[in-house]
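Asker: Following this line is coords_36.pdb, made up of PDB, C-alpha atoms:
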ATOM      1  CA  MET A  10       0.000   0.000   0.000  1.00  0.00           C
ATOM      2  CA  GLU A  11       1.371   3.404  -0.969  1.00  0.00           C
ATOM      3  CA  ILE A  12       0.514   7.091  -0.771  1.00  0.00           C
ATOM      4  CA  GLU A  13       1.622   9.534  -3.450  1.00  0.00           C
ATOM      5  CA  PHE A  14       1.730  13.232  -2.623  1.00  0.00           C
ATOM      6  CA  LEU A  15       0.249  15.075  -5.593  1.00  0.00           C
ATOM      7  CA  GLY A  16       0.726  18.446  -3.918  1.00  0.00           C
ATOM      8  CA  THR A  17       2.116  19.679  -0.609  1.00  0.00           C
ATOM      9  CA  GLY A  18       1.551  23.443  -0.702  1.00  0.00           C
ATOM     10  CA  THR A  19      -0.949  25.775   0.902  1.00  0.00           C
ATOM     11  CA  SER A  20      -3.755  27.608  -0.933  1.00  0.00           C
ATOM     12  CA  THR A  21      -1.398  29.933  -2.843  1.00  0.00           C
ATOM     13  CA  GLY A  22       1.039  27.210  -3.852  1.00  0.00           C
ATOM     14  CA  ILE A  23       4.780  27.805  -4.167  1.00  0.00           C
ATOM     15  CA  PRO A  24       5.924  29.894  -5.943  1.00  0.00           C
ATOM     16  CA  GLN A  25       3.264  32.351  -4.835  1.00  0.00           C
ATOM     17  CA  ILE A  26       2.090  34.678  -7.589  1.00  0.00           C
ATOM     18  CA  GLY A  27       3.977  37.994  -7.513  1.00  0.00           C
ATOM     19  CA  CYS A  28       6.442  36.947  -4.819  1.00  0.00           C
ATOM     20  CA  ASN A  29      10.209  37.262  -5.251  1.00  0.00           C
ATOM     21  CA  CYS A  30      11.312  35.729  -1.944  1.00  0.00           C
ATOM     22  CA  SER A  31      14.128  33.178  -1.870  1.00  0.00           C
ATOM     23  CA  VAL A  32      11.688  30.262  -1.579  1.00  0.00           C
ATOM     24  CA  CYS A  33       9.532  31.340  -4.511  1.00  0.00           C
ATOM     25  CA  LYS A  34      12.672  31.923  -6.618  1.00  0.00           C
ATOM     26  CA  SER A  35      14.323  28.678  -5.523  1.00  0.00           C
ATOM     27  CA  THR A  36      15.458  26.243  -8.207  1.00  0.00           C
ATOM     28  CA  ASP A  37      15.182  23.294  -5.795  1.00  0.00           C
ATOM     29  CA  ALA A  38      12.284  21.069  -6.927  1.00  0.00           C
ATOM     30  CA  HIS A  39      11.387  20.430  -3.277  1.00  0.00           C
ATOM     31  CA  ASP A  40      10.499  24.123  -2.930  1.00  0.00           C
ATOM     32  CA  LYS A  41       7.933  23.933  -5.752  1.00  0.00           C
ATOM     33  CA  ARG A  42       4.578  23.001  -4.221  1.00  0.00           C
ATOM     34  CA  LEU A  43       1.174  22.606  -5.867  1.00  0.00           C
ATOM     35  CA  ARG A  44      -1.970  22.715  -3.730  1.00  0.00           C
ATOM     36  CA  THR A  45      -2.231  19.860  -1.213  1.00  0.00           C
ATOM     37  CA  SER A  46      -3.661  16.543  -2.429  1.00  0.00           C
ATOM     38  CA  ALA A  47      -2.694  12.874  -2.326  1.00  0.00           C
ATOM     39  CA  ILE A  48      -3.639   9.521  -3.804  1.00  0.00           C
ATOM     40  CA  ILE A  49      -3.733   6.166  -2.006  1.00  0.00           C
ATOM     41  CA  HIS A  50      -2.709   3.075  -3.946  1.00  0.00           C
ATOM     42  CA  ALA A  51      -4.475   0.375  -1.934  1.00  0.00           C
ATOM     43  CA  ASP A  52      -3.604  -3.271  -1.414  1.00  0.00           C
ATOM     44  CA  ASP A  53      -6.441  -4.325  -3.725  1.00  0.00           C
ATOM     45  CA  GLY A  54      -5.240  -2.074  -6.566  1.00  0.00           C
ATOM     46  CA  LYS A  55      -7.842   0.668  -6.082  1.00  0.00           C
ATOM     47  CA  GLU A  56      -6.664   4.275  -6.186  1.00  0.00           C
ATOM     48  CA  ILE A  57      -8.335   6.673  -3.755  1.00  0.00           C
ATOM     49  CA  LEU A  58      -7.898  10.436  -4.144  1.00  0.00           C
ATOM     50  CA  ILE A  59      -7.739  12.750  -1.124  1.00  0.00           C
ATOM     51  CA  ASP A  60      -8.922  16.253  -2.061  1.00  0.00           C
ATOM     52  CA  CYS A  61      -9.108  17.592  -5.601  1.00  0.00           C
ATOM     53  CA  GLY A  62      -7.842  21.157  -5.806  1.00  0.00           C
ATOM     54  CA  PRO A  63      -7.379  23.547  -8.729  1.00  0.00           C
ATOM     55  CA  ASP A  64      -4.042  21.914  -9.680  1.00  0.00           C
ATOM     56  CA  PHE A  65      -5.596  18.446 -10.078  1.00  0.00           C
ATOM     57  CA  ARG A  66      -5.326  18.201 -13.872  1.00  0.00           C
ATOM     58  CA  GLN A  67      -1.623  19.040 -13.801  1.00  0.00           C
ATOM     59  CA  GLN A  68      -1.060  16.714 -10.852  1.00  0.00           C
ATOM     60  CA  ILE A  69      -2.835  13.655 -12.226  1.00  0.00           C
ATOM     61  CA  LEU A  70      -1.115  13.905 -15.622  1.00  0.00           C
ATOM     62  CA  HIS A  71       2.237  13.569 -13.857  1.00  0.00           C
ATOM     63  CA  ALA A  72       1.166  11.105 -11.172  1.00  0.00           C
ATOM     64  CA  ARG A  73       2.504   7.594 -10.810  1.00  0.00           C
ATOM     65  CA  TYR A  74      -1.035   6.444 -10.046  1.00  0.00           C
ATOM     66  CA  HIS A  75      -3.637   8.110 -12.208  1.00  0.00           C
ATOM     67  CA  ASN A  76      -6.907   6.181 -12.198  1.00  0.00           C
ATOM     68  CA  PRO A  77      -8.753   7.104  -8.983  1.00  0.00           C
ATOM     69  CA  CYS A  78     -11.960   5.222  -8.185  1.00  0.00           C
ATOM     70  CA  ALA A  79     -13.199   7.551  -5.423  1.00  0.00           C
ATOM     71  CA  LEU A  80     -12.563  10.927  -3.786  1.00  0.00           C
ATOM     72  CA  LEU A  81     -12.260  11.717  -0.077  1.00  0.00           C
ATOM     73  CA  VAL A  82     -12.797  15.412   0.682  1.00  0.00           C
ATOM     74  CA  THR A  83     -11.438  17.006   3.849  1.00  0.00           C
ATOM     75  CA  HIS A  84     -13.405  20.268   3.490  1.00  0.00           C
ATOM     76  CA  SER A  85     -14.832  22.565   0.847  1.00  0.00           C
ATOM     77  CA  HIS A  86     -12.277  25.376   0.700  1.00  0.00           C
ATOM     78  CA  TYR A  87     -11.401  26.072  -2.931  1.00  0.00           C
ATOM     79  CA  ASP A  88      -7.820  24.786  -2.759  1.00  0.00           C
ATOM     80  CA  HIS A  89      -9.233  21.359  -1.836  1.00  0.00           C
ATOM     81  CA  VAL A  90     -12.217  21.103  -4.224  1.00  0.00           C
ATOM     82  CA  GLY A  91     -11.461  23.470  -7.124  1.00  0.00           C
ATOM     83  CA  GLY A  92     -10.555  20.647  -9.525  1.00  0.00           C
ATOM     84  CA  ILE A  93     -13.599  18.406  -9.083  1.00  0.00           C
ATOM     85  CA  ASP A  94     -14.948  19.163 -12.570  1.00  0.00           C
ATOM     86  CA  ASP A  95     -11.718  17.646 -13.950  1.00  0.00           C
ATOM     87  CA  LEU A  96     -12.835  14.255 -12.624  1.00  0.00           C
ATOM     88  CA  ARG A  97     -15.141  13.935 -15.651  1.00  0.00           C
ATOM     89  CA  PRO A  98     -12.917  11.369 -17.483  1.00  0.00           C
ATOM     90  CA  PHE A  99     -13.431   9.054 -14.509  1.00  0.00           C
ATOM     91  CA  CYS A 100     -17.226   9.348 -14.796  1.00  0.00           C
ATOM     92  CA  ALA A 101     -17.375   7.665 -18.207  1.00  0.00           C
ATOM     93  CA  HIS A 102     -18.635   4.354 -16.801  1.00  0.00           C
ATOM     94  CA  GLY A 103     -20.908   5.612 -14.036  1.00  0.00           C
ATOM     95  CA  LYS A 104     -21.155   8.071 -11.189  1.00  0.00           C
ATOM     96  CA  PHE A 105     -17.863   8.843  -9.471  1.00  0.00           C
ATOM     97  CA  PRO A 106     -18.103   8.450  -5.652  1.00  0.00           C
ATOM     98  CA  ILE A 107     -17.336  11.459  -3.464  1.00  0.00           C
ATOM     99  CA  TYR A 108     -17.118  10.858   0.291  1.00  0.00           C
ATOM    100  CA  ALA A 109     -17.438  13.932   2.531  1.00  0.00           C
ATOM    101  CA  ARG A 110     -19.360  15.471   5.380  1.00  0.00           C
ATOM    102  CA  GLU A 111     -22.922  16.455   4.417  1.00  0.00           C
ATOM    103  CA  ASP A 112     -22.130  20.197   4.612  1.00  0.00           C
ATOM    104  CA  VAL A 113     -19.207  19.678   2.214  1.00  0.00           C
ATOM    105  CA  LEU A 114     -21.383  17.722  -0.226  1.00  0.00           C
ATOM    106  CA  ASN A 115     -23.927  20.553  -0.154  1.00  0.00           C
ATOM    107  CA  ASP A 116     -21.181  23.099  -0.902  1.00  0.00           C
ATOM    108  CA  ILE A 117     -20.035  21.016  -3.878  1.00  0.00           C
ATOM    109  CA  ARG A 118     -23.602  20.804  -5.192  1.00  0.00           C
ATOM    110  CA  THR A 119     -23.854  24.599  -4.939  1.00  0.00           C
ATOM    111  CA  ARG A 120     -20.528  25.173  -6.733  1.00  0.00           C
ATOM    112  CA  LEU A 121     -21.243  22.678  -9.530  1.00  0.00           C
ATOM    113  CA  PRO A 122     -25.034  22.950  -9.990  1.00  0.00           C
ATOM    114  CA  TYR A 123     -24.901  21.785 -13.624  1.00  0.00           C
ATOM    115  CA  CYS A 124     -23.777  18.341 -12.411  1.00  0.00           C
ATOM    116  CA  PHE A 125     -26.902  17.818 -10.316  1.00  0.00           C
ATOM    117  CA  VAL A 126     -29.811  19.071 -12.419  1.00  0.00           C
ATOM    118  CA  GLN A 127     -32.530  16.682 -13.586  1.00  0.00           C
ATOM    119  CA  HIS A 128     -31.446  16.882 -17.227  1.00  0.00           C
ATOM    120  CA  PRO A 129     -27.673  17.596 -17.237  1.00  0.00           C
ATOM    121  CA  TYR A 130     -25.851  18.871 -20.300  1.00  0.00           C
ATOM    122  CA  PRO A 131     -24.227  15.959 -22.192  1.00  0.00           C
ATOM    123  CA  GLY A 132     -20.707  15.234 -21.003  1.00  0.00           C
ATOM    124  CA  VAL A 133     -20.792  16.904 -17.591  1.00  0.00           C
ATOM    125  CA  PRO A 134     -19.355  14.817 -14.750  1.00  0.00           C
ATOM    126  CA  SER A 135     -21.732  12.796 -12.593  1.00  0.00           C
ATOM    127  CA  PHE A 136     -21.144  12.026  -8.951  1.00  0.00           C
ATOM    128  CA  ASP A 137     -22.401   9.694  -6.261  1.00  0.00           C
ATOM    129  CA  MET A 138     -22.452  11.927  -3.189  1.00  0.00           C
ATOM    130  CA  ILE A 139     -21.842   9.794  -0.087  1.00  0.00           C
ATOM    131  CA  PRO A 140     -22.136  11.472   3.339  1.00  0.00           C
ATOM    132  CA  ILE A 141     -19.714  10.536   6.108  1.00  0.00           C
ATOM    133  CA  ASP A 142     -19.412  11.474   9.756  1.00  0.00           C
ATOM    134  CA  LYS A 143     -17.387   9.446  12.280  1.00  0.00           C
ATOM    135  CA  ALA A 144     -18.314   5.910  11.279  1.00  0.00           C
ATOM    136  CA  PRO A 145     -15.624   3.907   9.436  1.00  0.00           C
ATOM    137  CA  PHE A 146     -16.403   2.812   5.872  1.00  0.00           C
ATOM    138  CA  HIS A 147     -14.729   0.718   3.204  1.00  0.00           C
ATOM    139  CA  ILE A 148     -13.634   1.451  -0.349  1.00  0.00           C
ATOM    140  CA  GLY A 149     -12.786  -2.001  -1.647  1.00  0.00           C
ATOM    141  CA  THR A 150     -10.680  -3.599   1.078  1.00  0.00           C
ATOM    142  CA  THR A 151      -9.462  -0.267   2.469  1.00  0.00           C
ATOM    143  CA  CYS A 152     -10.977   0.845   5.778  1.00  0.00           C
ATOM    144  CA  ILE A 153     -11.300   4.622   6.081  1.00  0.00           C
ATOM    145  CA  GLU A 154     -12.020   6.102   9.503  1.00  0.00           C
ATOM    146  CA  PRO A 155     -13.005   9.798   9.425  1.00  0.00           C
ATOM    147  CA  LEU A 156     -11.432  12.053  12.053  1.00  0.00           C
ATOM    148  CA  HIS A 157     -13.031  15.260  13.334  1.00  0.00           C
ATOM    149  CA  ILE A 158     -10.460  18.049  13.033  1.00  0.00           C
ATOM    150  CA  TRP A 159     -10.763  21.785  13.742  1.00  0.00           C
ATOM    151  CA  HIS A 160      -9.699  24.245  11.030  1.00  0.00           C
ATOM    152  CA  TYR A 161     -10.099  27.311  13.278  1.00  0.00           C
ATOM    153  CA  LYS A 162     -13.885  27.156  13.925  1.00  0.00           C
ATOM    154  CA  LEU A 163     -14.658  24.920  10.946  1.00  0.00           C
ATOM    155  CA  LEU A 164     -15.100  21.194  11.561  1.00  0.00           C
ATOM    156  CA  ILE A 165     -13.317  19.252   8.810  1.00  0.00           C
ATOM    157  CA  SER A 166     -12.297  15.645   8.142  1.00  0.00           C
ATOM    158  CA  GLY A 167      -9.025  13.842   8.512  1.00  0.00           C
ATOM    159  CA  PHE A 168      -8.709  10.185   7.543  1.00  0.00           C
ATOM    160  CA  LYS A 169      -7.229   7.129   9.230  1.00  0.00           C
ATOM    161  CA  ILE A 170      -6.334   4.512   6.625  1.00  0.00           C
ATOM    162  CA  ASN A 171      -6.311   0.810   7.556  1.00  0.00           C
ATOM    163  CA  ASP A 172      -4.781   1.661  10.950  1.00  0.00           C
ATOM    164  CA  ARG A 173      -1.521   2.158   9.025  1.00  0.00           C
ATOM    165  CA  ALA A 174      -1.580   5.867   8.269  1.00  0.00           C
ATOM    166  CA  ALA A 175      -3.470   9.051   9.070  1.00  0.00           C
ATOM    167  CA  TYR A 176      -3.909  12.047   6.774  1.00  0.00           C
ATOM    168  CA  ILE A 177      -4.674  15.433   8.362  1.00  0.00           C
ATOM    169  CA  THR A 178      -4.537  18.761   6.576  1.00  0.00           C
ATOM    170  CA  ASP A 179      -5.544  22.332   7.500  1.00  0.00           C
ATOM    171  CA  ALA A 180      -5.740  21.494  11.213  1.00  0.00           C
ATOM    172  CA  LYS A 181      -5.473  24.183  13.863  1.00  0.00           C
ATOM    173  CA  HIS A 182      -6.646  22.035  16.786  1.00  0.00           C
ATOM    174  CA  ILE A 183      -6.983  18.288  17.298  1.00  0.00           C
ATOM    175  CA  ASP A 184      -9.169  17.047  20.148  1.00  0.00           C
ATOM    176  CA  ASN A 185      -7.776  14.619  22.719  1.00  0.00           C
ATOM    177  CA  GLU A 186     -10.161  11.929  21.465  1.00  0.00           C
ATOM    178  CA  VAL A 187      -8.517  12.011  18.042  1.00  0.00           C
ATOM    179  CA  ILE A 188      -5.021  12.105  19.543  1.00  0.00           C
ATOM    180  CA  GLN A 189      -5.880   8.892  21.396  1.00  0.00           C
ATOM    181  CA  GLN A 190      -7.306   7.311  18.220  1.00  0.00           C
ATOM    182  CA  LEU A 191      -4.008   7.942  16.468  1.00  0.00           C
ATOM    183  CA  ASN A 192      -1.616   7.114  19.288  1.00  0.00           C
ATOM    184  CA  GLY A 193       1.373   5.196  17.948  1.00  0.00           C
ATOM    185  CA  ILE A 194       0.129   5.033  14.342  1.00  0.00           C
ATOM    186  CA  PRO A 195       2.925   3.938  11.958  1.00  0.00           C
ATOM    187  CA  THR A 196       2.659   6.893   9.545  1.00  0.00           C
ATOM    188  CA  LEU A 197       1.243  10.348  10.256  1.00  0.00           C
ATOM    189  CA  ILE A 198       0.729  12.956   7.524  1.00  0.00           C
ATOM    190  CA  ILE A 199      -0.099  16.363   8.982  1.00  0.00           C
ATOM    191  CA  ASN A 200      -0.066  20.048   8.087  1.00  0.00           C
ATOM    192  CA  ALA A 201       2.486  22.633   9.215  1.00  0.00           C
ATOM    193  CA  LEU A 202       1.938  25.954   7.472  1.00  0.00           C
ATOM    194  CA  ARG A 203       4.910  28.076   8.527  1.00  0.00           C
ATOM    195  CA  ILE A 204       7.226  28.979  11.397  1.00  0.00           C
ATOM    196  CA  SER A 205       5.050  31.744  12.891  1.00  0.00           C
ATOM    197  CA  GLU A 206       1.537  31.524  14.373  1.00  0.00           C
ATOM    198  CA  HIS A 207      -1.514  31.435  12.063  1.00  0.00           C
ATOM    199  CA  ILE A 208      -5.177  31.800  12.948  1.00  0.00           C
ATOM    200  CA  SER A 209      -6.427  28.631  11.243  1.00  0.00           C
ATOM    201  CA  HIS A 210      -3.421  26.372  10.563  1.00  0.00           C
ATOM    202  CA  MET A 211      -0.824  24.852  12.866  1.00  0.00           C
ATOM    203  CA  SER A 212       2.635  26.369  12.821  1.00  0.00           C
ATOM    204  CA  LEU A 213       5.669  24.107  12.726  1.00  0.00           C
ATOM    205  CA  SER A 214       6.116  24.139  16.503  1.00  0.00           C
ATOM    206  CA  GLN A 215       2.416  23.372  17.052  1.00  0.00           C
ATOM    207  CA  ALA A 216       2.557  20.480  14.593  1.00  0.00           C
ATOM    208  CA  LEU A 217       5.634  19.096  16.331  1.00  0.00           C
ATOM    209  CA  GLU A 218       3.797  19.237  19.684  1.00  0.00           C
ATOM    210  CA  VAL A 219       0.927  17.201  18.218  1.00  0.00           C
ATOM    211  CA  ILE A 220       3.364  14.747  16.663  1.00  0.00           C
ATOM    212  CA  GLU A 221       5.044  14.251  20.034  1.00  0.00           C
ATOM    213  CA  ARG A 222       1.662  13.480  21.631  1.00  0.00           C
ATOM    214  CA  ILE A 223       0.647  11.000  18.919  1.00  0.00           C
ATOM    215  CA  ALA A 224       4.125   9.427  18.792  1.00  0.00           C
ATOM    216  CA  PRO A 225       3.940   7.951  15.276  1.00  0.00           C
ATOM    217  CA  ALA A 226       6.816   5.893  13.929  1.00  0.00           C
ATOM    218  CA  ARG A 227       7.325   8.547  11.228  1.00  0.00           C
ATOM    219  CA  THR A 228       5.682  11.771  10.073  1.00  0.00           C
ATOM    220  CA  TYR A 229       5.441  13.691   6.807  1.00  0.00           C
ATOM    221  CA  LEU A 230       4.523  17.388   6.840  1.00  0.00           C
ATOM    222  CA  ILE A 231       2.210  18.900   4.215  1.00  0.00           C
ATOM    223  CA  HIS A 232       0.381  22.149   3.366  1.00  0.00           C
ATOM    224  CA  MET A 233       3.445  24.387   3.686  1.00  0.00           C
ATOM    225  CA  SER A 234       3.634  28.012   2.586  1.00  0.00           C
ATOM    226  CA  HIS A 235       6.684  29.918   1.372  1.00  0.00           C
ATOM    227  CA  ASP A 236       6.960  31.311   4.908  1.00  0.00           C
ATOM    228  CA  MET A 237       8.276  27.917   6.059  1.00  0.00           C
ATOM    229  CA  GLY A 238      11.524  28.838   4.319  1.00  0.00           C
ATOM    230  CA  LEU A 239      13.766  26.820   2.045  1.00  0.00           C
ATOM    231  CA  GLU A 240      13.211  23.119   2.674  1.00  0.00           C
ATOM    232  CA  ARG A 241      16.921  22.323   2.984  1.00  0.00           C
ATOM    233  CA  GLU A 242      17.191  24.893   5.791  1.00  0.00           C
ATOM    234  CA  ALA A 243      13.848  24.240   7.522  1.00  0.00           C
ATOM    235  CA  ALA A 244      14.533  20.484   7.555  1.00  0.00           C
ATOM    236  CA  LYS A 245      17.352  21.105  10.045  1.00  0.00           C
ATOM    237  CA  MET A 246      14.699  21.961  12.658  1.00  0.00           C
ATOM    238  CA  LEU A 247      12.935  18.602  12.382  1.00  0.00           C
ATOM    239  CA  PRO A 248      13.355  15.531  14.595  1.00  0.00           C
ATOM    240  CA  HIS A 249      14.833  12.526  12.799  1.00  0.00           C
ATOM    241  CA  THR A 250      11.412  10.818  12.434  1.00  0.00           C
ATOM    242  CA  VAL A 251       9.791  13.894  10.798  1.00  0.00           C
ATOM    243  CA  ASN A 252      10.238  14.930   7.170  1.00  0.00           C
ATOM    244  CA  PHE A 253       8.784  17.455   4.783  1.00  0.00           C
ATOM    245  CA  ALA A 254       6.752  15.727   2.085  1.00  0.00           C
ATOM    246  CA  HIS A 255       7.293  17.040  -1.431  1.00  0.00           C
ATOM    247  CA  ASP A 256       5.277  16.887  -4.642  1.00  0.00           C
ATOM    248  CA  GLY A 257       5.633  13.518  -6.337  1.00  0.00           C
ATOM    249  CA  LEU A 258       6.915  11.700  -3.248  1.00  0.00           C
ATOM    250  CA  VAL A 259       5.617   8.115  -2.938  1.00  0.00           C
ATOM    251  CA  ILE A 260       5.794   6.324   0.406  1.00  0.00           C
ATOM    252  CA  ALA A 261       4.891   2.785   1.419  1.00  0.00           C
ATOM    253  CA  ILE A 262       2.523   2.467   4.379  1.00  0.00           C
TER     254      ILE A 262
END
Kindly present the structure from the file in structure tokens form.

Answerer:
Amino acid sequence: MEIEFLGTGTSTGIPQIGCNCSVCKSTDAHDKRLRTSAIIHADDGKEILIDCGPDFRQQILHARYHNPCALLVTHSHYDHVGGIDDLRPFCAHGKFPIYAREDVLNDIRTRLPYCFVQHPYPGVPSFDMIPIDKAPFHIGTTCIEPLHIWHYKLLISGFKINDRAAYITDAKHIDNEVIQQLNGIPTLIINALRISEHISHMSLSQALEVIERIAPARTYLIHMSHDMGLEREAAKMLPHTVNFAHDGLVIAI
């Protein structure tokens, strides 16, 4: 079982438009970050997409795994759902399943109304909208357990995958119940926006505090902004079991 990181950047991506900082001008490929998304290559051969942002078309054309059978959505902010219309090639043989909280599904219906009318225009994507809350569910042989995460005051979803990995993005606060659910998990994937404090995302120090409490065997950081600094320099601040993920990275879980 593997996870491929399609993107590891925050909502502006890196380079950020109009910015001439050293990170945005860096020639190091690890400092180039599309909007955060990932794809799970499951034991049974199914490919499960996590979030589908505005860079999805570019990401999937360059991905190692490029035939997703379902989409998990963490929340409905544009950088996580802006590419959903580009799922239309995967709707050719039936409705494409989207798993998300009911409020997120309603937001998607509002943003893509032409996909949900009684008589849709020929060729528009079609979706099977599947609500989730806390109850685990299966996609093929993969067990997905939703996690309630706080993105400032917005309740969003993280995902625990077969008790082997957890994927959390855009978190500002994680309740003790979820910390206990994840205690000692082999692989943790979690957001760390930048060095300094932010109102709705964990900073690096806050992410490291959460990592210490969960005590995973290894951790990969995602959803970084250019304010994290050059990866080769920022990496010096990380414990030996924590790494920055980068676009295109594939890890076994």

Asker: Going by the chain IDs and residue numbers used in this file, which residues fall under the PyMOL selection byres ((chain A and resi 40-52) around 6)? Write them as a list of chain:residue names.

Answerer: A:Met10, A:Glu11, A:Ile12, A:Glu13, A:Phe14, A:Leu15, A:Gly16, A:Thr17, A:Gly18, A:Thr19, A:Ser20, A:Gly22, A:Ile23, A:Asp37, A:Ala38, A:His39, A:Asp53, A:Gly54, A:Lys55, A:Glu56, A:Ile57, A:Leu58, A:Ile59, A:Asp60, A:His232

Asker: Please, what distance in Å, to one decimal, runs between CA of Val251 in chain A and CA of Asn200 in chain A?

Answerer: 11.9 Å

Asker: Given the file shown, determine the residues that the PyMOL selection byres ((chain A and resi 79-85) around 9) selects; report them as a ChimeraX atom specification.

Answerer: /A:55-61,77-78,86-91,105-110,112-114,116-117,148,163-168,177-179

Asker: Could you list the residues chosen by the PyMOL selection byres ((chain A and resi 25-33) around 9) in this structure as a list in words?

Answerer: Thr21, Gly22, Ile23, Pro24, Lys34, Ser35, Thr36, Asp37, Asp40, Lys41, Ser234, His235, Asp236, Met237, Gly238, Leu239 and Glu240 of chain A

Asker: Could you work out how far CA of Glu242 in chain A lies from CA of Ile199 in chain A, giving the answer in Å with one decimal?

Answerer: 19.5 Å

Asker: With only C-alpha atoms as the basis for distance, which of A:Asn185, A:Ser135, A:Thr196, A:Ser205 is at the shortest distance from Ile158 in chain A?

Answerer: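 For Ile158 in chain A, the nearest of the given residues is A:Asn185.
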
Asker: Around the point (-18.5, 14.9, 12.3), in the coordinates given by the file, pick out the residues reaching within 6 Å, counting only C-alpha atoms, and return them as a count of residues only.

Answerer: 3

Asker: If we count all atoms listed in the file, what is near Pro195 in chain A at a cut-off of 10 Å, once residues fewer than 3 positions away on the same chain are taken out, given as a ChimeraX atom specification?

Answerer: /A:172-175,191-192,224-228,262

Asker: To one decimal in Å, tell me the separation between CA of Arg203 in chain A and CA of Glu218 in chain A.

Answerer: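 Separation between CA of Arg203 in chain A and CA of Glu218 in chain A: 14.3 Å.
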